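Here the structure is laid out as structure tokens; the discussion comes afterwards.
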Amino acid sequence: MALRRLLRDDLDDLEEYVPVKPLDVLAAEIGVPVERLVKLDANENLYGPHPAVREAAARALFHIYPDPGQARLREAIAGYVGVEPGHIVAGTGADDLIDVLIRLVLPPAVVIPTPAFGMYRFLAKILRARPIEVPRRPNFDLDVVAIRHAVQYEGARLVFLTHPNNPTGNPVNRAELEALLALDAVIAVDEAYIEFGGESVVPLIAAHPNLVVLRTFSKWAGLAGLRVGYSVSAPELAAHLMALKQPYNVNVAAEAAAIAAIEHRAEIAENIAAIVAERERMSRLLAGLGWLEPLPSCANFVLVAVRGRPAKEVAAALRARGILVRYYDRPDLHNYLRISAGRPGDTDALMAALEEL
């Protein structure tokens, strides 16, 4: 049998989405113990989950299927966000909801202002929705005119925005967002980093049923490894998302951990405040070197312009010292690094390594 002829040929150039490698693999490649790695490349919360969250996940009944209706989880998230449970749909990370949303709308094209989170393009292509990448302005603000053109004349019915944006850290301008919400398209605003800065756009849903907000527990609550995210939307849209999603798409450990994180959000907020403070301290220290220019950020990371030397070489030199930062080999982020905000000791290790370069 010629297996190849049975497979889709429009995915021949699609590469596996592997943003970061496992810690043990990285440690072996670099030649340092895992515990000595300073991991500032994936925007994780290095404080980890609250102890009560770990305990809740460990007590989950793994031999029982999760509730397909997500009643307890949706109620807990609704209380956290300030809406009714009918506005909420949970998923296996926000990535899961991005996938479900594209399948629900199934547009000829999806608008992605770039640079942006790579999963939008990856999933659009898999689902046969043509990604229209609209370059951001030189200061990384949205090009509203180009986005409007893509919706009105190129068949796009779904627009992905990130607030604050990854990897640039800047928030969505409220007036520009409201202009886009007037378009005949679903506007998805990814608020993965909203707990670290910026004002949520969830209140706009009441007046704009074409708005859907995506959130995650990966960043603020330190649950990246458990994969739990959610969407907030008008109940009509949420009902369609619930009907289309996989029935058991949030496992019992993730559900228990997410509910516990919401219950302990006051204590977790102390870590969030520490990360924000460390982001600002790191930015000041980086700027003080004279050859690095950190951009203002509302997220738990900073995009940094490298002046006078190749960013790729800086990232490689840091990696050789066990310091992991994100380098993008792409024209719209030429000579930039993205550095996650960690704990004070992580920043100190980063700065000590940079001062050696």
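Following the order of the structure tokens, first chain is A, next is B, and so on, with residues numbered from 1 inside each chain and ligands from 1 in the order they appear.
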
Contact check, segment 121-178 of chain A to segment 197-215 of chain A, at most 8 Å, counting only C-alpha atoms, closest pairs as a Markdown table:
```
| residue | atom | partner | partner_atom | distance |
| --- | --- | --- | --- | --- |
| A:His163 | CA | A:Gly198 | CA | 7.6 |
| A:Pro164 | CA | A:Gly198 | CA | 6.9 |
| A:Pro171 | CA | A:Gly198 | CA | 6.3 |
```

What does the file look like for those residues with all heavy atoms, as a PDB file, in the first residue's frame?
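Everything below was put into again08.pdb:
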```pdb
ATOM      1  N   HIS A 163      -3.306  39.888  24.459  1.00  0.00           N
ATOM      2  CA  HIS A 163      -3.377  41.065  25.337  1.00  0.00           C
ATOM      3  C   HIS A 163      -3.000  40.686  26.765  1.00  0.00           C
ATOM      4  O   HIS A 163      -3.803  40.046  27.456  1.00  0.00           O
ATOM      5  CB  HIS A 163      -4.815  41.614  25.278  1.00  0.00           C
ATOM      6  CG  HIS A 163      -5.130  42.683  26.258  1.00  0.00           C
ATOM      7  ND1 HIS A 163      -4.464  43.894  26.294  1.00  0.00           N
ATOM      8  CD2 HIS A 163      -6.058  42.745  27.261  1.00  0.00           C
ATOM      9  CE1 HIS A 163      -4.969  44.644  27.252  1.00  0.00           C
ATOM     10  NE2 HIS A 163      -5.923  43.975  27.858  1.00  0.00           N
ATOM     11  N   PRO A 164      -1.752  41.007  27.203  1.00  0.00           N
ATOM     12  CA  PRO A 164      -0.643  41.600  26.465  1.00  0.00           C
ATOM     13  C   PRO A 164      -0.109  40.633  25.404  1.00  0.00           C
ATOM     14  O   PRO A 164      -0.247  39.415  25.547  1.00  0.00           O
ATOM     15  CB  PRO A 164       0.408  41.858  27.554  1.00  0.00           C
ATOM     16  CG  PRO A 164      -0.299  41.724  28.854  1.00  0.00           C
ATOM     17  CD  PRO A 164      -1.430  40.785  28.624  1.00  0.00           C
ATOM     18  N   PRO A 171       0.066  45.862  25.519  1.00  0.00           N
ATOM     19  CA  PRO A 171      -1.361  45.561  25.589  1.00  0.00           C
ATOM     20  C   PRO A 171      -2.087  45.990  24.315  1.00  0.00           C
ATOM     21  O   PRO A 171      -1.567  46.753  23.499  1.00  0.00           O
ATOM     22  CB  PRO A 171      -1.835  46.393  26.782  1.00  0.00           C
ATOM     23  CG  PRO A 171      -0.913  47.571  26.792  1.00  0.00           C
ATOM     24  CD  PRO A 171       0.421  47.046  26.334  1.00  0.00           C
TER      25      PRO A 171
END
```

Set out as a tab-separated table a contact list for segment 141-175 of chain A and segment 103-121 of chain A with a cut-off of 8 Å, giving each residue of segment 141-175 of chain A that qualifies its closest atom pair and distance in Å to one decimal, counting only C-alpha atoms, ordered by chain and rising residue number.
```
residue	atom	partner	partner_atom	distance
A:Leu142	CA	A:Pro113	CA	6.8
A:Asp143	CA	A:Pro113	CA	7.8
A:Ile147	CA	A:Val111	CA	6.9
A:Ala150	CA	A:Val111	CA	7.0
A:Val151	CA	A:Val111	CA	7.8
A:Glu154	CA	A:Ala109	CA	7.4
A:Gly155	CA	A:Pro108	CA	5.9
A:Ala156	CA	A:Ala109	CA	4.4
A:Arg157	CA	A:Pro107	CA	5.5
A:Leu158	CA	A:Val110	CA	5.1
A:Val159	CA	A:Val111	CA	4.6
A:Phe160	CA	A:Ile112	CA	5.5
A:Leu161	CA	A:Pro113	CA	7.0
A:Thr162	CA	A:Ala116	CA	7.4
A:Asn165	CA	A:Ala116	CA	6.8
A:Asn166	CA	A:Ala116	CA	5.6
A:Pro167	CA	A:Ala116	CA	6.3
A:Thr168	CA	A:Pro115	CA	7.7
```

What are the closest atom pairs, with distances in Å to one decimal, for each residue of segment 237-301 of chain A lying within 12 Å of segment 172-195 of chain A, using only C-alpha atoms, rows by chain and rising residue number, as JSON lines?
```
{"residue": "A:Leu237", "atom": "CA", "partner": "A:Val186", "partner_atom": "CA", "distance": 10.1}
{"residue": "A:Arg265", "atom": "CA", "partner": "A:Glu195", "partner_atom": "CA", "distance": 10.9}
{"residue": "A:Ile268", "atom": "CA", "partner": "A:Glu195", "partner_atom": "CA", "distance": 10.8}
{"residue": "A:Ala269", "atom": "CA", "partner": "A:Glu195", "partner_atom": "CA", "distance": 8.8}
{"residue": "A:Glu270", "atom": "CA", "partner": "A:Glu195", "partner_atom": "CA", "distance": 11.7}
{"residue": "A:Asn271", "atom": "CA", "partner": "A:Glu195", "partner_atom": "CA", "distance": 11.0}
{"residue": "A:Ile272", "atom": "CA", "partner": "A:Glu195", "partner_atom": "CA", "distance": 7.5}
{"residue": "A:Ala273", "atom": "CA", "partner": "A:Glu195", "partner_atom": "CA", "distance": 9.5}
{"residue": "A:Ile275", "atom": "CA", "partner": "A:Glu195", "partner_atom": "CA", "distance": 10.6}
{"residue": "A:Val276", "atom": "CA", "partner": "A:Glu195", "partner_atom": "CA", "distance": 9.7}
{"residue": "A:Ser297", "atom": "CA", "partner": "A:Tyr193", "partner_atom": "CA", "distance": 10.5}
{"residue": "A:Cys298", "atom": "CA", "partner": "A:Ile194", "partner_atom": "CA", "distance": 7.8}
{"residue": "A:Ala299", "atom": "CA", "partner": "A:Tyr193", "partner_atom": "CA", "distance": 5.3}
{"residue": "A:Asn300", "atom": "CA", "partner": "A:Tyr193", "partner_atom": "CA", "distance": 6.9}
{"residue": "A:Phe301", "atom": "CA", "partner": "A:Tyr193", "partner_atom": "CA", "distance": 9.4}
```

Dump as JSON lines the rows for residues of segment 330-356 of chain A within 10 Å of segment 305-315 of chain A: closest atom pair and distance in Å with one decimal, only C-alpha atoms counted, ordered by chain and rising residue number.
```
{"residue": "A:Leu333", "atom": "CA", "partner": "A:Ala305", "partner_atom": "CA", "distance": 8.7}
{"residue": "A:His334", "atom": "CA", "partner": "A:Ala311", "partner_atom": "CA", "distance": 8.2}
{"residue": "A:Asn335", "atom": "CA", "partner": "A:Ala311", "partner_atom": "CA", "distance": 4.8}
{"residue": "A:Tyr336", "atom": "CA", "partner": "A:Ala305", "partner_atom": "CA", "distance": 4.5}
{"residue": "A:Leu337", "atom": "CA", "partner": "A:Ala311", "partner_atom": "CA", "distance": 6.6}
{"residue": "A:Arg338", "atom": "CA", "partner": "A:Ala305", "partner_atom": "CA", "distance": 8.9}
{"residue": "A:Leu354", "atom": "CA", "partner": "A:Val314", "partner_atom": "CA", "distance": 8.3}
```

### Query
Per DSSP on the backbone, what are the strand (DSSP E or B) residues of segment 90-339 of chain A, as a VMD selection string?
chain A and resid 90 to 91 109 to 114 130 to 135 156 to 162 186 to 190 211 to 216 229 to 233 292 to 294 301 to 306 323 to 324 326 to 327 336 to 339

Could you list, with a cut-off of 8 Å and counting only C-alpha atoms, the residues of segment 5-88 of chain A near segment 249-264 of chain A, each shown with its nearest atom pair and the distance in Å rounded to one decimal, rows sorted by chain and ascending number, as a Markdown table?
```
| residue | atom | partner | partner_atom | distance |
| --- | --- | --- | --- | --- |
| A:Pro49 | CA | A:Ala261 | CA | 7.9 |
| A:His50 | CA | A:Ala261 | CA | 7.2 |
| A:Ala52 | CA | A:Ala260 | CA | 6.8 |
| A:Val53 | CA | A:Ala257 | CA | 4.9 |
| A:Arg54 | CA | A:Ala257 | CA | 6.8 |
| A:Ala56 | CA | A:Ala256 | CA | 5.6 |
| A:Ala57 | CA | A:Ala253 | CA | 4.4 |
| A:Ala58 | CA | A:Ala253 | CA | 7.0 |
| A:Arg59 | CA | A:Ala253 | CA | 7.9 |
| A:Ala60 | CA | A:Ala253 | CA | 5.4 |
| A:Leu61 | CA | A:Val252 | CA | 6.9 |
| A:Phe62 | CA | A:Val252 | CA | 6.5 |
| A:Tyr65 | CA | A:Val252 | CA | 7.3 |
| A:Pro66 | CA | A:Val252 | CA | 5.3 |
| A:Pro68 | CA | A:Asn249 | CA | 7.9 |
| A:Leu73 | CA | A:Ile259 | CA | 6.3 |
| A:Ala76 | CA | A:Ile259 | CA | 6.1 |
| A:Ile77 | CA | A:Ile262 | CA | 7.4 |
| A:Tyr80 | CA | A:Ile262 | CA | 6.6 |
```

### Test item, alpha helix (DSSP H) assignment across segment 66-272 of chain A, answer as a PyMOL selection string
chain A and resi 71-81+93-105+119-126+144-153+174-181+235-244+252-263+265-272

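Computed from the coordinates, the atom CA of Gly225 of chain A to atom CA of Gly93 of chain A distance equals 9.5 Å.
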
### Task
Using only C-alpha atoms, find the one residue out of A:Ala266, A:Val145, A:Ala90, A:Leu285 that sits nearest to Val304 of chain A.
A:Leu285

### Task
For atom CA of Ala316 of chain A and atom CA of Leu46 of chain A, determine how far apart the two atoms are, in Å to one decimal place.
21.8 Å
